[in-house]
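> Starting off with a structure, shown below.
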Amino acid sequence: MIEQVAIAFQEKDYKKAAKLLKELSKKSPKDPWVQFYIGRLYEVSGKRQKAEKVYRRLLQDTTNAKIITQARQGLQRLSEIEQEERIRAIAHATVHPDDAELGVLILEPISNELKTQAAPKFAQIMQLDSYSARLLLPSRGWRLYRSGAVGELKYYGEQLKNAGISCFWAKLNDIAKIQVFHVEYFTESTSTATVICRNQAHQLGSLSFDWQEVKGRVQGILPIFEEVVDVNARRQLERKTQTQDYFQFCDLHLPKRRCILRLYDHGYKFQQGIRITSQSSQNTIRINWNNLLSFLNQELSQVKIWSDFTPFAETALDQTELLNKIQSHIHLFRQEKTNWDSAFHLYSGLAFLYAEA
């Protein structure tokens with residue numbers, strides 16, 4: 001009867017094949033040829049996941065060389081169909097000019113307990129092996145996973161979300177539209193605050209806002225690099241670039257105004273404006289900065305603080321081509337350009353957009 005099934009498939013008489021297989025599966029349910037043709041029936045019926053399951057089980061359970069070859073060919077056909085569908089879907093997803101704009105796909109953290117379930121799904125969607133997929137799923141903070149046309153990122157992102165893997169995507173152009181004001185000091189703080197700040201053209205002015213307008217706060221540290229002379233293992237002098245210290249940054253997000261108020265420890269004029277710290281000459285910049293953060297904590301106690309910048313930066317720093325396209329709006333004196341500054345602005349901009357989504 002199995003020969004009749006083969007003939008039915010050759011003639012594409014799938015109705016007859018299904019009828020014959022129904023009888024055979026009762027008589028010989030474990031027969032590998034019966035199982036193979038059940039897989040073929042799933043395949044031609046568009047039930048690709050079930051077909052794949054059957055083919056993979058046959059590769060594990062049978063030693064029949066012909067069946068192994070046929071099962072491998074079946075898996076190859078399924079892979080080619082999936083690849084063609086993916087190419088068509090991505091082409092459709094990027095047909096509109098807005099969807100072709102440069103964007104980023106961000107993976108959100110997932111608990112180690114859930115990684116075991118999520119990794120195979122992530123691997124299948126992104127065409128990875130399960131081991132690599134598990135390593136790429138972040139446990140703490142966001143991971144900058146991919147950049148490219150935002151329509152394509154949306155296509156993958158929606159599949160990931162449907163599989164229970166938290167992620168989001170954003171256009172770099174939407175981040176570029178957010179204005180950044182560099183705060184020099186606060187001059188007033190009641191229910192309304194006023195800051196003296198510089199705009200992106202470095203012009204000095206003042207800006208007043210209600211504390212309730214602040215919907216997000218980003219804190220992070222940016223390394224200060226210095227070239228030092230060190231003695232290597234051969235007792236030879238060599239020059240190295242080392243992290244000597246850190247700059248402390250804090251961004252306040254005002255979404256209604258589409259702007260960020262940016263403060264940093266070496267740029268804030270603690271001796272001007274309202275008294276946030278004691279006027280003691282003994283105060284270090286670190287003490288003054290901590291006092292400023294305490295002041296912000298008091299005024300913004302209900303506002304979410306985004307503070308996982310460093311682990312995010314570690315996933316982004318090697319993407320130099322992408323980060324070069326991002327204006328950091330950070331004006332630190334550096335001997336050499338570093339990707340840390342652009343990574344901070346990207347992180348802050350993503351938090352800004354994420355809160356609005």
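Letters A, B, ... go to the chains of the structure tokens in the order shown; residues in each chain start at 1; ligands are counted from 1 in the same order.
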If you count only C-alpha atoms, which residues fall within 9 Å of Lys177 of chain A, apart from same-chain ones fewer than 5 positions away, as an MDAnalysis selection string?
chainID A and resid 172 258:259
> Between segment 255-350 of chain A and segment 143-163 of chain A, at 10 Å or less, what are the per-residue closest atom pairs and their distances in Å? Count only C-alpha atoms, order by chain and rising residue number, and return it as a tab-separated table.

residue	atom	partner	partner_atom	distance
A:Pro311	CA	A:Arg143	CA	7.9
A:Phe312	CA	A:Arg143	CA	5.6
A:Ala313	CA	A:Leu144	CA	8.3
A:Glu314	CA	A:Arg143	CA	8.5
A:Thr315	CA	A:Arg143	CA	5.7
A:Ala316	CA	A:Leu144	CA	5.7
A:Leu317	CA	A:Leu144	CA	9.6
A:Gln319	CA	A:Ser147	CA	9.0
A:Leu322	CA	A:Ser147	CA	7.5
A:Tyr347	CA	A:Leu144	CA	9.5
> Those selected residues, please, written with N, CA and C atoms and delivered as a CSV table (one decimal), in the first residue's frame.

chain,number,residue,atom,x,y,z
A,311,PRO,N,25.8,48.6,30.7
A,311,PRO,CA,25.6,47.3,30.0
A,311,PRO,C,25.1,47.5,28.6
A,312,PHE,N,24.2,48.5,28.4
A,312,PHE,CA,23.8,48.8,27.0
A,312,PHE,C,24.9,49.2,26.1
A,313,ALA,N,25.8,50.1,26.6
A,313,ALA,CA,26.9,50.6,25.9
A,313,ALA,C,27.8,49.5,25.4
A,314,GLU,N,28.0,48.5,26.3
A,314,GLU,CA,28.9,47.4,26.0
A,314,GLU,C,28.4,46.6,24.8
A,315,THR,N,27.1,46.6,24.5
A,315,THR,CA,26.5,45.9,23.4
A,315,THR,C,26.6,46.8,22.1
A,316,ALA,N,26.9,48.1,22.3
A,316,ALA,CA,26.8,49.0,21.2
A,316,ALA,C,28.1,49.6,20.7
A,317,LEU,N,29.1,49.6,21.5
A,317,LEU,CA,30.4,50.3,21.3
A,317,LEU,C,31.1,49.8,20.0
A,319,GLN,N,29.7,49.0,17.2
A,319,GLN,CA,29.0,49.4,16.0
A,319,GLN,C,29.3,50.8,15.7
A,322,LEU,N,27.4,52.8,12.9
A,322,LEU,CA,26.1,53.3,13.3
A,322,LEU,C,26.3,54.5,14.3
A,347,TYR,N,21.2,55.8,24.0
A,347,TYR,CA,20.5,55.2,25.1
A,347,TYR,C,19.4,56.2,25.7
> Give me the residues near segment 192-208 of chain A as a ChimeraX atom specification, where near means some atom within 6 Å (using only C-alpha atoms) and where sequence neighbours in that chain fewer than 6 positions away do not count.
/A:181-186
> Where does DSSP see helix (DSSP H, G or I) in segment 65-219 of chain A, if you list the residues as a ChimeraX atom specification?
/A:65-93,97-100,112-126,130-136,150-162,172-176,211-213
> Suppose you want the space between atom CA of Lys215 of chain A and atom CA of Leu332 of chain A; what is it in Å?
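Atom CA of Leu332 of chain A lies 26.4 Å from atom CA of Lys215 of chain A.
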> I'd like the contact shell of Lys171 of chain A - 7 Å cut-off, only C-alpha atoms, skipping same-chain residues fewer than 2 positions apart - returned as a VMD selection string.
chain A and resid 101 to 104 150 173 to 175
> Could those residues be written to a file, using C-alpha atoms, as an mmCIF file, in the first residue's frame?

data_model
loop_
_atom_site.group_PDB
_atom_site.id
_atom_site.type_symbol
_atom_site.label_atom_id
_atom_site.label_comp_id
_atom_site.auth_asym_id
_atom_site.auth_seq_id
_atom_site.Cartn_x
_atom_site.Cartn_y
_atom_site.Cartn_z
ATOM 1 C CA GLU A 101 15.149 54.867 7.211
ATOM 2 C CA LEU A 102 17.965 53.729 9.492
ATOM 3 C CA GLY A 103 16.846 52.291 12.804
ATOM 4 C CA VAL A 104 17.853 49.986 15.627
ATOM 5 C CA VAL A 150 13.464 50.207 10.297
ATOM 6 C CA ASN A 173 15.836 60.238 12.812
ATOM 7 C CA ASP A 174 13.261 60.345 15.644
ATOM 8 C CA ILE A 175 16.116 60.600 18.158
#
> Here is a test: counting only C-alpha atoms, which residue of A:Asn291, A:Thr277, A:Ser79, A:Thr62 is nearest to Glu43 of chain A?
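Looking only at the distances to Glu43 of chain A, the closest residue turns out to be A:Ser79.
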> Check the DSSP output for the backbone and give back, as a ChimeraX atom specification, the residues of segment 66-222 of chain A in strand (DSSP E).
/A:102-107,143-149,167-171,179-189,192-198,204-210,216-222
> Please report the interatomic distance between atom CA of Arg57 of chain A and atom CA of Pro29 of chain A in Å with one decimal.
13.8 Å
> I'd like the neighbourhood of Tyr37 of chain A as a PyMOL selection string, where a residue qualifies if any of its atoms comes within 12 Å (using only C-alpha atoms), though same-chain residues fewer than 6 positions away should be ignored.
chain A and resi 2-10+14+17-22+24-25+29+31+43-44+51+54-55+58+67+70-71+74
> Using only C-alpha atoms, which protein or nucleic acid residues come within 12 Å of Arg48 of chain A? Drop anything in the same chain fewer than 4 positions from it, and give the result as a list in words.
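Neighbouring residues, sequence-local ones excluded: Ile38, Gly39, Arg40, Leu41, Tyr42, Glu43, Val44, Glu52, Lys53, Val54, Tyr55, Gly74, Leu75, Gln76, Arg77, Leu78, Ser79, Glu80, Ile81 and Glu82 of chain A.
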> One decimal, Å: what's the distance from atom CA of Lys121 of chain A over to atom CA of Gln73 of chain A, could you say?
22.8 Å
